[in-house]
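Enquirer: Got a structure for you, questions after.
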Amino acid sequence: MPIKTYKPTTPGRRGMTTQDFDTITAKKPIKSLLAVKKQKSGRNNQGRITTRHKGGGAKKFYRIVNFKLAEEAKLKVEQIEYDPNRSARIARVKDENGAYHYILASSKMKPGKTIKVGEEAPIDSGNRLKLANIPMGSTVHAIELEPGRGAQLVRSAGASAQLMAKDNGQAQLRLPSGEVRLVNLNCMASIGVIGNEQHQNIKVGKAGRSRHKGIRPSVRGVVMNAADHPHGGGDGGRHGIGGGKNHGAAPKTPWGQKTLGFKTRRRKSTTKYILKSRHASKRR
């Protein structure tokens, strides 16, 4: 999928690129698979901001994607559609009972293709099987963490994981982050790479385009006052992080927590399933 460029009619257009929509075959989604998505602007049920730099943006409906297909199914791809809520494309599929579903579209998925789910499904892009039935070395996506729970891992555009080994009822998967993790062999996964691989190469080009996505501006801590951020303040000019008494201190979040080398992982019960951390390649 190529990246489209614009004629440099304005400074913002000069460096702007966009994705190619030629693979999309349907302009309108199915109304029965839409849900209202309310803009929360990063706030929780108490109205407090829990995720900063969110707000505004274009209105959009949520597409109800089926991450938990039946264990035995035969689906026919009818359309490839755009989903404003994710980087990947979605495929409109029809099952043997005539019901429609949305699934993540793999890179080789096209209208008319038949997708099979189950133990007897052939090893082909888009088909969904248990990890126990997938050959070692294969690339997979939309992976379950627990059998029957639905796909939770590797769901973004151009992403894929590699099945490294199988042992003692567990599969070793190398995830896109570089992490090597154990997953139960009874968990389902789809074969192949997720489509829209060039998504990461798109250049936004101008600030207004980020605002259309609902992304608000981010202000650096070093240009704030000392009362607003640990990096702020510093009489007499710039003095690195913090300035004044904080000069040379470790970088911190607005709430005082360290940001470099400080472990924030909370769910330690699953640490035993991680064979290699995603940070291991960064260490010297």
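Residues in the structure tokens are named by chain (A, B, ... in the order shown) and by number from 1 within that chain; ligands are numbered from 1 in the order shown.
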List every residue of range 50-88 of chain A that has an atom at most 6 Å from any atom of range 213-223 of chain A, giving for each one its closest atom pair and the distance in Å to one decimal, counting only C-alpha atoms, sorted by chain and then by ascending residue number, as CSV.
Expert:
```
residue,atom,partner,partner_atom,distance
A:His53,CA,A:Arg216,CA,4.5
A:Lys54,CA,A:Ile215,CA,5.0
A:Gly55,CA,A:Gly214,CA,5.1
A:Gly56,CA,A:Gly214,CA,4.9
A:Gly57,CA,A:Gly214,CA,3.8
```
Enquirer: Leaving out Gly15 in chain A and any residue of its chain fewer than 3 positions from it, which residues lie within 9 Å of it when counting only C-alpha atoms, given as a ChimeraX atom specification?
Expert: /A:5-6,8,11-12,203-206
Enquirer: Could those residues be written to a file, using N, CA and C atoms, as an mmCIF file, in the first residue's frame?
Expert:
```
data_model
loop_
_atom_site.group_PDB
_atom_site.id
_atom_site.type_symbol
_atom_site.label_atom_id
_atom_site.label_comp_id
_atom_site.auth_asym_id
_atom_site.auth_seq_id
_atom_site.Cartn_x
_atom_site.Cartn_y
_atom_site.Cartn_z
ATOM 1 N N THR A 5 1.280 11.550 -1.377
ATOM 2 C CA THR A 5 1.797 12.871 -1.029
ATOM 3 C C THR A 5 0.886 13.942 -1.623
ATOM 4 N N TYR A 6 1.037 15.166 -1.104
ATOM 5 C CA TYR A 6 0.246 16.293 -1.579
ATOM 6 C C TYR A 6 1.133 17.283 -2.319
ATOM 7 N N PRO A 8 2.711 20.821 -2.689
ATOM 8 C CA PRO A 8 3.052 21.784 -1.620
ATOM 9 C C PRO A 8 2.378 23.130 -1.810
ATOM 10 N N PRO A 11 2.508 25.578 3.505
ATOM 11 C CA PRO A 11 3.580 24.989 4.315
ATOM 12 C C PRO A 11 3.162 23.691 5.013
ATOM 13 N N GLY A 12 1.901 23.612 5.426
ATOM 14 C CA GLY A 12 1.421 22.402 6.082
ATOM 15 C C GLY A 12 1.325 21.226 5.124
ATOM 16 N N LYS A 203 2.964 11.081 7.639
ATOM 17 C CA LYS A 203 3.371 12.322 8.287
ATOM 18 C C LYS A 203 2.140 13.215 8.457
ATOM 19 N N VAL A 204 1.899 13.638 9.674
ATOM 20 C CA VAL A 204 0.705 14.437 9.971
ATOM 21 C C VAL A 204 0.772 15.766 9.242
ATOM 22 N N GLY A 205 1.908 16.451 9.289
ATOM 23 C CA GLY A 205 2.084 17.655 8.480
ATOM 24 C C GLY A 205 1.726 18.956 9.157
ATOM 25 N N LYS A 206 0.642 18.976 9.933
ATOM 26 C CA LYS A 206 0.245 20.221 10.589
ATOM 27 C C LYS A 206 -0.501 19.911 11.885
#
```
Enquirer: Show me, as JSON lines, the residues of range 181-274 of chain A having an atom within 10 Å of range 110-117 of chain A, each with the closest atom pair and its distance in Å, using only C-alpha atoms.
Expert:
```
{"residue": "A:Met188", "atom": "CA", "partner": "A:Val117", "partner_atom": "CA", "distance": 9.3}
{"residue": "A:Ala189", "atom": "CA", "partner": "A:Val117", "partner_atom": "CA", "distance": 9.7}
{"residue": "A:Ser190", "atom": "CA", "partner": "A:Val117", "partner_atom": "CA", "distance": 8.8}
```
Enquirer: Would you please give, as a ChimeraX atom specification, all residues of range 81-245 of chain A that DSSP assigns to alpha helix (DSSP H) based on the backbone?
Expert: /A:207-212
Enquirer: Quick one: pull the distance between CA of Trp255 in chain A and CA of Asn44 in chain A, Å, one decimal.
Expert: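 Spanning CA of Trp255 in chain A to CA of Asn44 in chain A is a straight-line distance of 17.9 Å.
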Enquirer: Enumerate as a PyMOL selection string all residues of range 16-220 of chain A assigned to strand (DSSP E) by DSSP on the backbone, naming them with the chain letters and numbers the document uses.
Expert: chain A and resi 17-19+34-36+61-63+73-81+90-94+100-104+114-117+128-130+139-141+143-144+151-153+161-167+170-174+180-184+188-191
Enquirer: Report, in Å with one decimal, the straight-line distance from CA of Ile194 in chain A to CA of Ser107 in chain A.
Expert: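 It comes out at 5.3 Å.
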Enquirer: When you look at range 60-71 of chain A with a cut-off of 9 Å (counting only C-alpha atoms), what residues show up, excluding the ones that are within fewer than 6 positions of it in the same chain? I need them as a CSV table (one decimal) with C-alpha atoms, in the first residue's frame.
Expert:
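The file below, selection.csv, is the result:
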```
chain,number,residue,atom,x,y,z
A,29,PRO,CA,-20.6,0.7,7.3
A,30,ILE,CA,-23.5,-1.5,8.4
A,32,SER,CA,-26.4,-2.8,12.9
A,33,LEU,CA,-22.7,-3.0,13.7
A,34,LEU,CA,-22.3,0.6,14.8
A,35,ALA,CA,-22.4,2.0,18.3
A,36,VAL,CA,-22.5,5.6,19.6
A,37,LYS,CA,-19.1,6.7,20.9
A,38,LYS,CA,-19.3,9.5,23.3
A,83,ASP,CA,-12.3,2.1,10.9
A,84,PRO,CA,-11.7,5.6,12.5
A,85,ASN,CA,-11.1,4.0,15.9
A,90,ILE,CA,-11.6,-4.1,9.2
A,101,HIS,CA,-19.4,-9.5,11.6
A,102,TYR,CA,-16.5,-7.2,11.6
A,103,ILE,CA,-13.0,-8.7,11.9
A,104,LEU,CA,-9.5,-7.3,11.6
A,117,VAL,CA,-12.0,-20.9,11.8
A,118,GLY,CA,-11.3,-24.2,13.6
A,119,GLU,CA,-8.8,-27.0,14.0
A,128,ARG,CA,-8.0,-18.6,12.7
A,129,LEU,CA,-6.7,-21.6,14.6
A,142,ALA,CA,-5.1,-11.1,17.0
A,144,GLU,CA,-5.9,-14.6,22.8
A,148,GLY,CA,-12.1,-18.2,24.9
A,149,ARG,CA,-11.5,-14.6,26.0
A,150,GLY,CA,-11.1,-13.1,22.5
A,151,ALA,CA,-8.1,-11.5,20.8
A,152,GLN,CA,-6.1,-9.1,22.9
A,188,MET,CA,-6.7,-18.8,19.2
```
Enquirer: May I have the residues within 12 Å of Phe262 in chain A as a list in words, using only C-alpha atoms and disregarding those fewer than 3 positions away in the same chain?
Expert: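 The contact residues come out as Ala250, Pro251, Lys252, Thr253, Gly256, Gln257, Lys258, Thr259, Arg265 and His279 of chain A.
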Enquirer: Can you tell me, as a PDB file with N, CA and C atoms, in the first residue's frame, what residues are no more than 10 Å from Tyr82 in chain A when counting only C-alpha atoms, ignoring any on the same chain fewer than 4 positions away?
Expert:
```pdb
ATOM      1  N   PHE A  21      -6.367   4.775   0.187  1.00  0.00           N
ATOM      2  CA  PHE A  21      -7.657   4.154   0.487  1.00  0.00           C
ATOM      3  C   PHE A  21      -8.151   3.260  -0.652  1.00  0.00           C
ATOM      4  N   THR A  23      -7.601   0.186  -1.178  1.00  0.00           N
ATOM      5  CA  THR A  23      -7.978  -1.166  -0.744  1.00  0.00           C
ATOM      6  C   THR A  23      -9.358  -1.197  -0.096  1.00  0.00           C
ATOM      7  N   ILE A  24      -9.889  -0.028   0.256  1.00  0.00           N
ATOM      8  CA  ILE A  24     -11.209   0.037   0.892  1.00  0.00           C
ATOM      9  C   ILE A  24     -12.278  -0.072  -0.189  1.00  0.00           C
ATOM     10  N   THR A  25     -13.192  -1.006   0.001  1.00  0.00           N
ATOM     11  CA  THR A  25     -14.192  -1.295  -1.028  1.00  0.00           C
ATOM     12  C   THR A  25     -15.589  -0.814  -0.660  1.00  0.00           C
ATOM     13  N   ALA A  26     -15.810  -0.366   0.572  1.00  0.00           N
ATOM     14  CA  ALA A  26     -17.131   0.102   0.985  1.00  0.00           C
ATOM     15  C   ALA A  26     -17.005   1.464   1.649  1.00  0.00           C
ATOM     16  N   LYS A  27     -17.902   2.374   1.305  1.00  0.00           N
ATOM     17  CA  LYS A  27     -17.860   3.725   1.860  1.00  0.00           C
ATOM     18  C   LYS A  27     -18.677   3.860   3.141  1.00  0.00           C
ATOM     19  N   LYS A  28     -19.738   3.062   3.244  1.00  0.00           N
ATOM     20  CA  LYS A  28     -20.610   3.176   4.413  1.00  0.00           C
ATOM     21  C   LYS A  28     -20.619   1.869   5.201  1.00  0.00           C
ATOM     22  N   PRO A  29     -20.550   1.941   6.532  1.00  0.00           N
ATOM     23  CA  PRO A  29     -20.598   0.724   7.349  1.00  0.00           C
ATOM     24  C   PRO A  29     -22.031   0.227   7.537  1.00  0.00           C
ATOM     25  N   ARG A  63     -17.164   0.934  15.589  1.00  0.00           N
ATOM     26  CA  ARG A  63     -17.486  -0.293  14.851  1.00  0.00           C
ATOM     27  C   ARG A  63     -17.341  -1.479  15.793  1.00  0.00           C
ATOM     28  N   ARG A  86      -9.278   2.710  14.913  1.00  0.00           N
ATOM     29  CA  ARG A  86      -8.057   1.902  14.978  1.00  0.00           C
ATOM     30  C   ARG A  86      -7.227   2.126  13.725  1.00  0.00           C
ATOM     31  N   SER A  87      -5.962   1.751  13.799  1.00  0.00           N
ATOM     32  CA  SER A  87      -5.071   1.935  12.658  1.00  0.00           C
ATOM     33  C   SER A  87      -5.280   0.863  11.593  1.00  0.00           C
ATOM     34  N   ALA A  88      -5.762  -0.311  11.992  1.00  0.00           N
ATOM     35  CA  ALA A  88      -5.950  -1.412  11.042  1.00  0.00           C
ATOM     36  C   ALA A  88      -7.249  -1.233  10.251  1.00  0.00           C
ATOM     37  N   ARG A  89      -7.324  -1.903   9.110  1.00  0.00           N
ATOM     38  CA  ARG A  89      -8.574  -1.989   8.364  1.00  0.00           C
ATOM     39  C   ARG A  89      -9.428  -3.108   8.956  1.00  0.00           C
ATOM     40  N   ILE A  90     -10.724  -3.035   8.717  1.00  0.00           N
ATOM     41  CA  ILE A  90     -11.621  -4.095   9.166  1.00  0.00           C
ATOM     42  C   ILE A  90     -12.312  -4.714   7.954  1.00  0.00           C
ATOM     43  N   ALA A  91     -12.651  -5.980   8.089  1.00  0.00           N
ATOM     44  CA  ALA A  91     -13.312  -6.704   7.005  1.00  0.00           C
ATOM     45  C   ALA A  91     -14.736  -7.039   7.422  1.00  0.00           C
TER      46      ALA A  91
END
```
Enquirer: Which is closest to Leu275 in chain A among A:Pro254, A:Pro230, A:Gly195, A:Gly178, if we use only C-alpha atoms?
Expert: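 Among A:Pro254, A:Pro230, A:Gly195, A:Gly178, it is A:Gly178 that comes nearest to Leu275 in chain A.
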Enquirer: How far is it from CA of Met136 in chain A to CA of Leu163 in chain A, in Å with one decimal?
Expert: 5.3 Å
